[in-house]
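S.K.: Hey, dropping model.cif in here, mmCIF, C-alpha atoms:
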data_my_file
#
loop_
_atom_site.label_atom_id
_atom_site.label_comp_id
_atom_site.auth_asym_id
_atom_site.auth_seq_id
_atom_site.Cartn_x
_atom_site.Cartn_y
_atom_site.Cartn_z
CA MET A 42 90.07 118.79 91.81
CA PRO A 43 93.19 119.32 89.66
CA ALA A 44 94.79 116.38 87.89
CA PRO A 45 97.15 114.56 90.25
CA LEU A 46 100.87 114.09 90.16
CA VAL A 47 101.29 110.28 89.97
CA LEU A 48 104.50 108.82 91.34
CA LEU A 49 105.22 105.20 90.43
CA ASP A 50 107.47 103.00 92.56
CA GLY A 51 109.13 101.41 89.54
CA ALA A 52 110.89 98.46 91.18
CA SER A 53 107.87 97.55 93.29
CA MET A 54 105.67 97.50 90.21
CA TRP A 55 107.91 95.46 87.94
CA PHE A 56 108.69 92.95 90.69
CA ARG A 57 104.94 92.47 91.16
CA SER A 58 104.50 92.13 87.41
CA TYR A 59 107.31 89.59 87.18
CA PHE A 60 105.74 87.34 89.80
CA GLY A 61 102.15 88.05 88.76
CA VAL A 62 102.33 87.50 84.98
CA PRO A 63 103.16 84.02 83.63
CA SER A 64 106.76 83.48 82.58
CA SER A 65 105.42 81.85 79.43
CA ILE A 66 104.93 85.37 78.04
CA THR A 67 107.92 85.78 75.76
CA ALA A 68 109.24 87.94 72.94
CA PRO A 69 109.40 86.54 69.39
CA ASP A 70 113.02 85.53 70.05
CA GLY A 71 112.04 83.62 73.21
CA ARG A 72 113.17 86.10 75.84
CA PRO A 73 110.79 86.47 78.80
CA VAL A 74 108.79 89.70 78.76
CA ASN A 75 106.23 88.98 81.50
CA ALA A 76 107.49 91.79 83.75
CA LEU A 77 107.66 94.20 80.81
CA ARG A 78 104.13 93.44 79.67
CA GLY A 79 102.72 93.50 83.19
CA PHE A 80 104.42 96.80 83.98
CA LEU A 81 103.19 98.52 80.82
CA ASP A 82 99.65 97.27 81.39
CA ALA A 83 99.78 98.47 85.00
CA VAL A 84 100.92 101.94 83.92
CA ALA A 85 98.04 102.08 81.42
CA THR A 86 95.58 101.07 84.13
CA VAL A 87 96.90 103.69 86.57
CA ILE A 88 96.70 106.41 83.91
CA THR A 89 93.10 105.47 83.09
CA ARG A 90 92.17 105.36 86.75
CA GLU A 91 93.92 108.49 88.02
CA ARG A 92 93.99 110.68 84.88
CA PRO A 93 97.26 112.45 85.72
CA ALA A 94 98.77 115.40 83.90
CA ARG A 95 102.16 114.62 85.44
CA LEU A 96 103.73 111.23 86.11
CA VAL A 97 107.16 110.03 87.23
CA VAL A 98 108.56 106.51 87.34
CA CYS A 99 110.88 106.59 90.36
CA ARG A 100 114.14 104.67 90.04
CA ASP A 101 116.11 102.59 92.56
CA ASP A 102 119.52 104.04 91.67
CA ASP A 103 120.93 102.62 94.91
CA TRP A 104 118.78 99.92 96.46
CA ARG A 105 120.95 99.68 99.63
CA PRO A 106 122.62 103.04 100.30
CA GLN A 107 125.85 102.83 102.25
CA TRP A 108 124.77 105.56 104.66
CA ARG A 109 121.86 103.40 105.76
CA VAL A 110 124.12 100.33 106.10
CA ASP A 111 126.59 102.38 108.18
CA LEU A 112 123.77 103.14 110.62
CA VAL A 113 122.18 99.67 110.68
CA PRO A 114 124.61 97.07 109.24
CA SER A 115 121.88 94.39 108.93
CA TYR A 116 119.92 96.58 106.52
CA LYS A 117 118.89 94.38 103.55
CA THR A 118 121.92 92.13 104.12
CA HIS A 119 119.95 89.01 103.24
CA ARG A 120 119.26 90.39 99.75
CA VAL A 121 122.91 91.06 98.80
CA LEU A 122 124.13 88.81 96.01
CA GLU A 123 127.56 90.38 95.72
CA GLU A 124 129.29 93.20 97.58
CA THR A 125 131.06 95.77 95.43
CA ALA A 126 134.05 97.96 96.18
CA GLY A 127 133.99 101.72 96.07
CA ASP A 128 130.86 103.79 95.62
CA ASP A 129 128.97 101.37 93.38
CA PRO A 130 125.84 99.81 94.93
CA ASP A 131 126.05 96.19 96.04
CA VAL A 132 124.49 93.71 93.62
CA GLU A 133 120.96 92.77 94.66
CA GLU A 134 119.68 89.22 94.37
CA VAL A 135 117.19 89.47 91.50
CA PRO A 136 115.77 86.72 89.25
CA ASP A 137 118.07 86.26 86.25
CA ASP A 138 115.33 86.86 83.70
CA LEU A 139 114.01 90.02 85.41
CA THR A 140 117.13 92.18 85.09
CA PRO A 141 117.10 92.26 81.25
CA GLN A 142 113.41 93.19 81.36
CA VAL A 143 114.14 96.22 83.53
CA ASP A 144 116.42 97.43 80.75
CA MET A 145 113.59 96.84 78.26
CA ILE A 146 111.21 98.86 80.43
CA PHE A 147 113.57 101.82 80.51
CA GLU A 148 114.11 101.61 76.75
CA ILE A 149 110.37 101.94 76.16
CA LEU A 150 109.90 104.66 78.79
CA ASP A 151 112.72 106.66 77.19
CA ALA A 152 111.31 106.23 73.68
CA PHE A 153 107.88 107.29 74.89
CA GLY A 154 109.29 110.25 76.81
CA ILE A 155 107.69 109.15 80.08
CA PRO A 156 109.67 110.80 82.90
CA THR A 157 111.87 108.81 85.25
CA ALA A 158 113.78 110.18 88.25
CA GLY A 159 116.43 108.76 90.55
CA ALA A 160 119.08 109.91 93.00
CA ALA A 161 122.62 108.75 93.59
CA GLY A 162 122.99 107.14 97.01
CA HIS A 163 119.23 106.89 97.46
CA GLU A 164 116.46 104.37 96.99
CA ALA A 165 113.27 104.82 95.01
CA ASP A 166 111.50 105.40 98.35
CA ASP A 167 113.63 108.52 98.84
CA VAL A 168 112.82 109.77 95.34
CA LEU A 169 109.12 109.27 96.02
CA GLY A 170 109.47 111.00 99.38
CA THR A 171 111.34 113.94 97.90
CA LEU A 172 108.85 114.48 95.07
CA ALA A 173 105.85 114.14 97.40
CA ALA A 174 107.36 116.57 99.92
CA ARG A 175 108.13 119.15 97.23
CA GLU A 176 104.63 119.19 95.78
CA THR A 177 102.50 122.16 96.83
CA ARG A 178 100.14 122.50 93.83
CA ASP A 179 98.48 119.23 92.84
CA PRO A 180 97.30 116.21 94.80
CA VAL A 181 99.80 113.35 94.82
CA VAL A 182 99.14 109.65 94.26
CA VAL A 183 102.01 107.29 95.13
CA VAL A 184 101.63 103.85 93.54
CA SER A 185 103.47 101.05 95.34
CA GLY A 186 103.20 97.69 97.02
CA ASP A 187 105.66 98.79 99.74
CA ARG A 188 103.95 99.58 103.03
CA ASP A 189 106.95 101.71 104.09
CA LEU A 190 105.52 104.43 101.86
CA LEU A 191 102.41 104.78 104.01
CA GLN A 192 104.56 107.25 105.94
CA LEU A 193 104.06 109.73 103.08
CA VAL A 194 100.32 110.22 103.57
CA ARG A 195 99.16 113.72 104.49
CA ASP A 196 96.38 116.22 103.85
CA GLU A 197 98.33 119.50 103.72
CA PRO A 198 99.53 121.46 101.81
CA VAL A 199 98.18 119.04 99.21
CA PRO A 200 96.69 115.57 99.72
CA VAL A 201 99.19 112.72 99.40
CA ARG A 202 97.63 109.28 99.03
CA VAL A 203 99.21 105.86 98.54
CA LEU A 204 97.57 103.52 96.04
CA TYR A 205 98.65 100.41 97.90
CA LEU A 206 99.13 97.37 95.69
CA VAL A 207 99.34 94.72 98.40
CA SER A 208 96.34 92.85 96.89
CA GLY A 209 97.10 93.79 93.28
CA LEU A 210 96.16 96.77 91.16
CA ALA A 211 92.59 95.61 90.51
CA LYS A 212 91.83 95.63 94.25
CA ALA A 213 94.08 98.53 95.21
CA VAL A 214 92.63 101.26 97.40
CA LYS A 215 94.03 104.65 98.30
CA TRP A 216 95.38 105.13 101.77
CA GLY A 217 95.38 108.50 103.46
CA PRO A 218 95.80 109.58 107.10
CA GLU A 219 92.41 108.19 108.14
CA GLU A 220 93.05 104.75 106.62
CA VAL A 221 96.54 104.51 108.13
CA ALA A 222 95.26 105.62 111.54
CA GLU A 223 92.38 103.14 111.45
CA LYS A 224 94.54 100.20 110.35
CA TYR A 225 97.53 100.78 112.61
CA GLY A 226 96.05 102.71 115.54
CA VAL A 227 98.36 105.72 115.19
CA PRO A 228 97.29 109.35 115.75
CA VAL A 229 95.41 110.54 112.67
CA GLU A 230 96.75 114.09 112.90
CA ARG A 231 100.29 112.81 112.20
CA ALA A 232 99.48 109.43 110.70
CA GLY A 233 102.32 109.39 108.16
CA ALA A 234 105.09 110.33 110.58
CA ALA A 235 103.61 108.07 113.27
CA TYR A 236 103.55 105.12 110.89
CA ALA A 237 107.31 105.52 110.30
CA GLU A 238 107.84 105.56 114.07
CA LEU A 239 105.66 102.48 114.49
CA ALA A 240 107.66 100.71 111.78
CA LEU A 241 110.91 101.57 113.56
CA LEU A 242 109.69 100.15 116.87
CA ARG A 243 108.06 97.09 115.28
CA GLY A 244 110.93 96.28 112.92
CA ASP A 245 110.79 94.84 109.43
CA PRO A 246 112.52 91.50 108.78
CA SER A 247 112.11 91.96 105.01
CA ASP A 248 114.51 94.92 105.24
CA GLY A 249 116.77 93.44 107.92
CA LEU A 250 115.51 95.83 110.59
CA PRO A 251 115.15 94.10 113.97
CA GLY A 252 113.09 96.75 115.73
CA VAL A 253 112.96 97.05 119.52
CA PRO A 254 112.98 93.60 121.15
CA GLY A 255 109.71 92.96 122.93
CA ILE A 256 107.88 95.88 121.28
CA GLY A 257 105.59 94.51 118.58
CA GLU A 258 103.16 96.33 116.35
CA LYS A 259 100.30 96.44 118.85
CA THR A 260 102.49 97.71 121.66
CA ALA A 261 104.08 100.31 119.38
CA ALA A 262 100.62 101.51 118.32
CA THR A 263 99.46 101.68 121.94
CA LEU A 264 102.49 103.74 122.93
CA LEU A 265 102.04 106.12 120.00
CA ALA A 266 98.33 106.53 120.73
CA ARG A 267 99.13 107.32 124.36
CA TYR A 268 102.15 109.57 123.97
CA GLY A 269 101.58 110.95 120.46
CA SER A 270 105.10 110.62 119.06
CA LEU A 271 108.33 108.67 119.35
CA GLU A 272 109.98 111.71 120.91
CA ASN A 273 107.37 111.77 123.66
CA ILE A 274 107.65 107.99 124.16
CA LEU A 275 111.41 108.25 124.68
CA ALA A 276 110.94 111.22 127.02
CA ALA A 277 108.49 109.20 129.12
CA ALA A 278 110.86 106.22 129.13
CA GLY A 279 113.62 108.43 130.47
CA ASP A 280 111.43 110.06 133.13
CA PRO A 281 111.27 107.92 136.26
CA LYS A 282 108.17 109.82 137.33
CA SER A 283 106.18 108.91 134.22
CA SER A 284 103.45 106.28 134.35
CA MET A 285 105.08 104.10 131.67
CA SER A 286 105.31 100.47 132.71
CA LYS A 287 108.67 99.17 133.93
CA SER A 288 108.69 96.57 131.16
CA HIS A 289 108.25 99.09 128.35
CA ARG A 290 110.68 101.53 129.95
CA THR A 291 113.39 98.88 130.24
CA LYS A 292 112.99 97.71 126.64
CA LEU A 293 113.01 101.21 125.19
CA LEU A 294 116.00 102.42 127.19
CA ALA A 295 117.96 99.30 126.27
CA ALA A 296 117.30 100.02 122.59
CA ALA A 297 117.96 103.77 122.75
CA GLU A 298 121.07 103.61 120.56
CA TYR A 299 119.34 101.45 117.95
CA ILE A 300 116.34 103.80 117.86
CA LYS A 301 118.62 106.79 117.31
CA LYS A 302 120.42 105.12 114.41
CA ALA A 303 117.39 103.44 112.85
CA LEU A 304 115.17 106.52 112.62
CA PRO A 305 116.90 108.01 109.53
CA VAL A 306 117.07 104.51 108.02
CA VAL A 307 113.33 103.93 108.34
CA LYS A 308 112.24 107.43 107.37
CA VAL A 309 112.38 108.20 103.67
CA ALA A 310 114.55 111.10 102.63
CA THR A 311 112.73 114.21 101.45
CA ASP A 312 115.74 116.16 100.18
CA ALA A 313 117.39 113.83 97.67
CA GLU A 314 119.20 115.45 94.73
CA LEU A 315 117.30 114.08 91.76
CA SER A 316 118.44 113.23 88.25
CA TRP A 317 115.83 113.20 85.48
CA SER A 318 115.41 111.48 82.15
CA THR A 319 113.29 114.36 80.82
CA GLU A 320 113.12 118.11 81.17
CA SER A 321 109.83 118.04 83.10
CA ASP A 322 107.42 115.67 84.81
CA ALA A 323 104.67 116.26 82.23
CA LEU A 324 103.08 113.06 80.96
CA PRO A 325 103.32 112.98 77.15
CA LEU A 326 100.08 112.25 75.33
CA ALA A 327 101.92 110.53 72.47
CA ALA A 328 105.30 108.90 72.06
CA GLU A 329 108.16 111.32 71.54
CA ASN A 330 109.87 108.79 69.29
CA PRO A 331 107.05 106.74 67.76
CA GLY A 332 109.34 104.92 65.35
CA ARG A 333 111.55 103.69 68.15
CA VAL A 334 108.50 102.69 70.24
CA ALA A 335 107.12 100.68 67.30
CA GLU A 336 110.49 99.00 66.78
CA LEU A 337 110.78 98.02 70.45
CA ALA A 338 107.15 96.87 70.61
CA GLU A 339 107.73 94.53 67.70
CA THR A 340 111.09 93.28 68.97
CA TYR A 341 109.70 92.47 72.41
CA GLY A 342 106.27 91.35 71.25
CA VAL A 343 104.35 93.88 73.35
CA MET A 344 102.38 95.66 70.64
CA SER A 345 99.11 95.09 72.49
CA SER A 346 100.50 96.56 75.71
CA ILE A 347 101.82 99.61 73.86
CA GLY A 348 98.38 99.95 72.30
CA ARG A 349 96.73 99.88 75.72
CA LEU A 350 99.15 102.49 77.00
CA GLN A 351 98.44 104.80 74.06
CA LYS A 352 94.69 104.26 74.46
CA ALA A 353 94.99 105.32 78.12
CA LEU A 354 96.84 108.46 77.07
CA ASP A 355 94.27 109.19 74.36
CA GLY A 356 91.61 109.18 77.07
CA LEU A 357 93.18 112.09 78.97
#
Could you render the structure as structure tokens?
M.R.:
Amino acid sequence: MPAPLVLLDGASMWFRSYFGVPSSITAPDGRPVNALRGFLDAVATVITRERPARLVVCRDDDWRPQWRVDLVPSYKTHRVLEETAGDDPDVEEVPDDLTPQVDMIFEILDAFGIPTAGAAGHEADDVLGTLAARETRDPVVVVSGDRDLLQLVRDEPVPVRVLYLVSGLAKAVKWGPEEVAEKYGVPVERAGAAYAELALLRGDPSDGLPGVPGIGEKTAATLLARYGSLENILAAAGDPKSSMSKSHRTKLLAAAEYIKKALPVVKVATDAELSWSTESDALPLAAENPGRVAELAETYGVMSSIGRLQKALDGL
């Protein structure tokens, strides 16, 4: 099997590192670097495990795109620290000592020449979705702790798997169509798309998405297993001759407008216009600017993590 294209959900990984690595880890000047160290170590572990030839750290250039908010105004409202005027993204509520570490991470990625990609008006999920959808040559491994990305799994034209970090990287397993179908009871032949439809019906309080009142995860899975797709579910709900129960029909028809608006909010975009930090997605085997990497490693006190990252690259 050819070497995979590895797509890293940057924000998901450094949030997990921030909360998973002790805050007592600091730079020589006392600044916290727990998220930085954890992120670099996680990247090294993924490289050793997956042995990619290509790797992209996907950026959250707009964590709450206005076009999603226009469709579902409650989208991520509870995570807004400060609303901004104009086209700039709202300010997300983030721990004070994490934000500077994100800048440190990008400094080191840039010095190393490790590719990053983002898209104006889009979340990292959309960047991941776009890159996965475009790939027709190599298998794809998406690395994230966000279950929304289970909608990306597929077998054709190339396998797309999600290395799901819900229990941490050490215990992470790859999810494909069979795993998603088994866990959530959706049709295996369209497991990724069906998971997105299940998520829409179920809702997701962590993203401010209410879902369809009275339709929980089990009911959504049962409906998808029976009718095959959200389109067929809505057709059955609108057909008085169908065998759908009166209760389900009433709930679905009452939520028809929400379902219409929420579908593009829940589904990741696959056509985002990407901006890149590098000319290609090739994973460099050595730092492009070793002097700058050494300087940053010393300043932030992460020499050992940089060493582990280079050792992982040396093993390719």
S.K.: Check the smallest atom-to-atom distance from each of A:Leu324, A:Val221, A:Val334, A:Ala237 to A:Arg95 using only C-alpha atoms, then report the winner.
M.R.: A:Leu324
S.K.: Just want the 8 Å neighbourhood of A:Ala266, counted on only C-alpha atoms, with same-chain residues fewer than 2 positions away dropped. Output as a PyMOL selection string.
M.R.: chain A and resi 226-228+262-264+268-269
S.K.: Would you mind listing what lies within 9 Å of A:Glu230 as an MDAnalysis selection string, with all atoms listed in the file counted and same-chain residues fewer than 5 positions away left out?
M.R.: chainID A and resid 195 218:219 222
S.K.: Ranking A:Glu223, A:Asp138, A:Asp179, A:Asp101 by minimum distance to A:Val74 and counting all atoms listed in the file, which one comes first?
M.R.: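 Once distances to A:Val74 are computed over all atoms listed in the file, the minimum belongs to A:Asp138.
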S.K.: For the PyMOL selection byres ((chain A and resi 182) around 9), applied here, can you spell out every residue it catches as a list in words?
M.R.: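 For this structure, the PyMOL selection byres ((chain A and resi 182) around 9) resolves to Pro45, Leu46, Val47, Leu48, Leu49, Glu91, Ala173, Pro180, Val181, Val183, Val184, Pro200, Val201, Arg202, Val203, Leu204 and Lys215 of chain A.
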S.K.: Just how far from atom CA of A:Ala160 is atom CA of A:Ser316, in Å to one decimal?
M.R.: 5.8 Å
S.K.: Excluding A:Gly162 and residues on its chain fewer than 5 positions from it, collect all residues at most 9 Å away from it, counting only C-alpha atoms, and give them as an MDAnalysis selection string.
M.R.: chainID A and resid 102:108 128 130 313
S.K.: List the residues selected by the PyMOL selection byres ((chain A and resi 282-295) around 10) in the file shown, writing them as an MDAnalysis selection string.
M.R.: chainID A and resid 242 253:256 260:261 264 267:268 274:281 296:300
S.K.: Between A:Asn273, A:Thr86, A:Ser64, A:Ser58, single out the one closest to A:Leu354, counting all atoms listed in the file.
M.R.: A:Thr86
S.K.: Could you tell me which residues the PyMOL selection byres ((chain A and resi 308) around 10) returns for this structure, as a ChimeraX atom specification?
M.R.: /A:166-167,170,189-190,192-193,234,236-238,240-241,303-307,309-311
S.K.: Using the file's own x, y and z axes, what box holds all listed atoms of stretch 107-112 of chain A with 6 Å on each side, keeping edges along x, y and z, and what are its centre and edge lengths in Å to one decimal, as JSON?
M.R.:
{"center_x": 124.2, "center_y": 102.9, "center_z": 106.4, "size_x": 16.7, "size_y": 17.2, "size_z": 20.4}
S.K.: Can you tell me which residues surround stretch 77-81 of chain A at a distance of at most 6 Å, considering all atoms listed in the file, apart from same-chain residues fewer than 4 positions away, and format the answer as a VMD selection string?
M.R.: chain A and resid 55 58 142 146
S.K.: Out of A:Ala85, A:Arg57, A:Gly233, A:Ser65, which residue has the shortest atom-to-atom distance to A:Arg349 when counting all atoms listed in the file?
M.R.: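 Distance minimum relative to A:Arg349 lands on A:Ala85.
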S.K.: Please check which residues have atoms at most 7 Å from (118.6, 109.5, 91.3) in the file's coordinates, counting all atoms listed in the file, and write them as a PyMOL selection string.
M.R.: chain A and resi 100+102+158-161+163+314-316
S.K.: Rounded to one decimal place, report the atom CA of A:Cys99-atom CA of A:Leu210 distance in Å.
M.R.: 17.7 Å
S.K.: If you count all atoms listed in the file, which residues fall within 10 Å of A:Ile347, apart from same-chain ones fewer than 3 positions away, as a count of residues only?
M.R.: 18
S.K.: What does the distance between atom CA of A:Ala44 and atom CA of A:Phe56 come to in Å, to one decimal place?
M.R.: 27.4 Å
S.K.: Rank A:Glu176, A:Gly186, A:Asp312, A:Ser115 by their smallest atom-to-atom distance to A:Ala213, using all atoms listed in the file, and report the top residue only.
M.R.: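 Between A:Glu176, A:Gly186, A:Asp312, A:Ser115, the residue approaching A:Ala213 most closely is A:Gly186.
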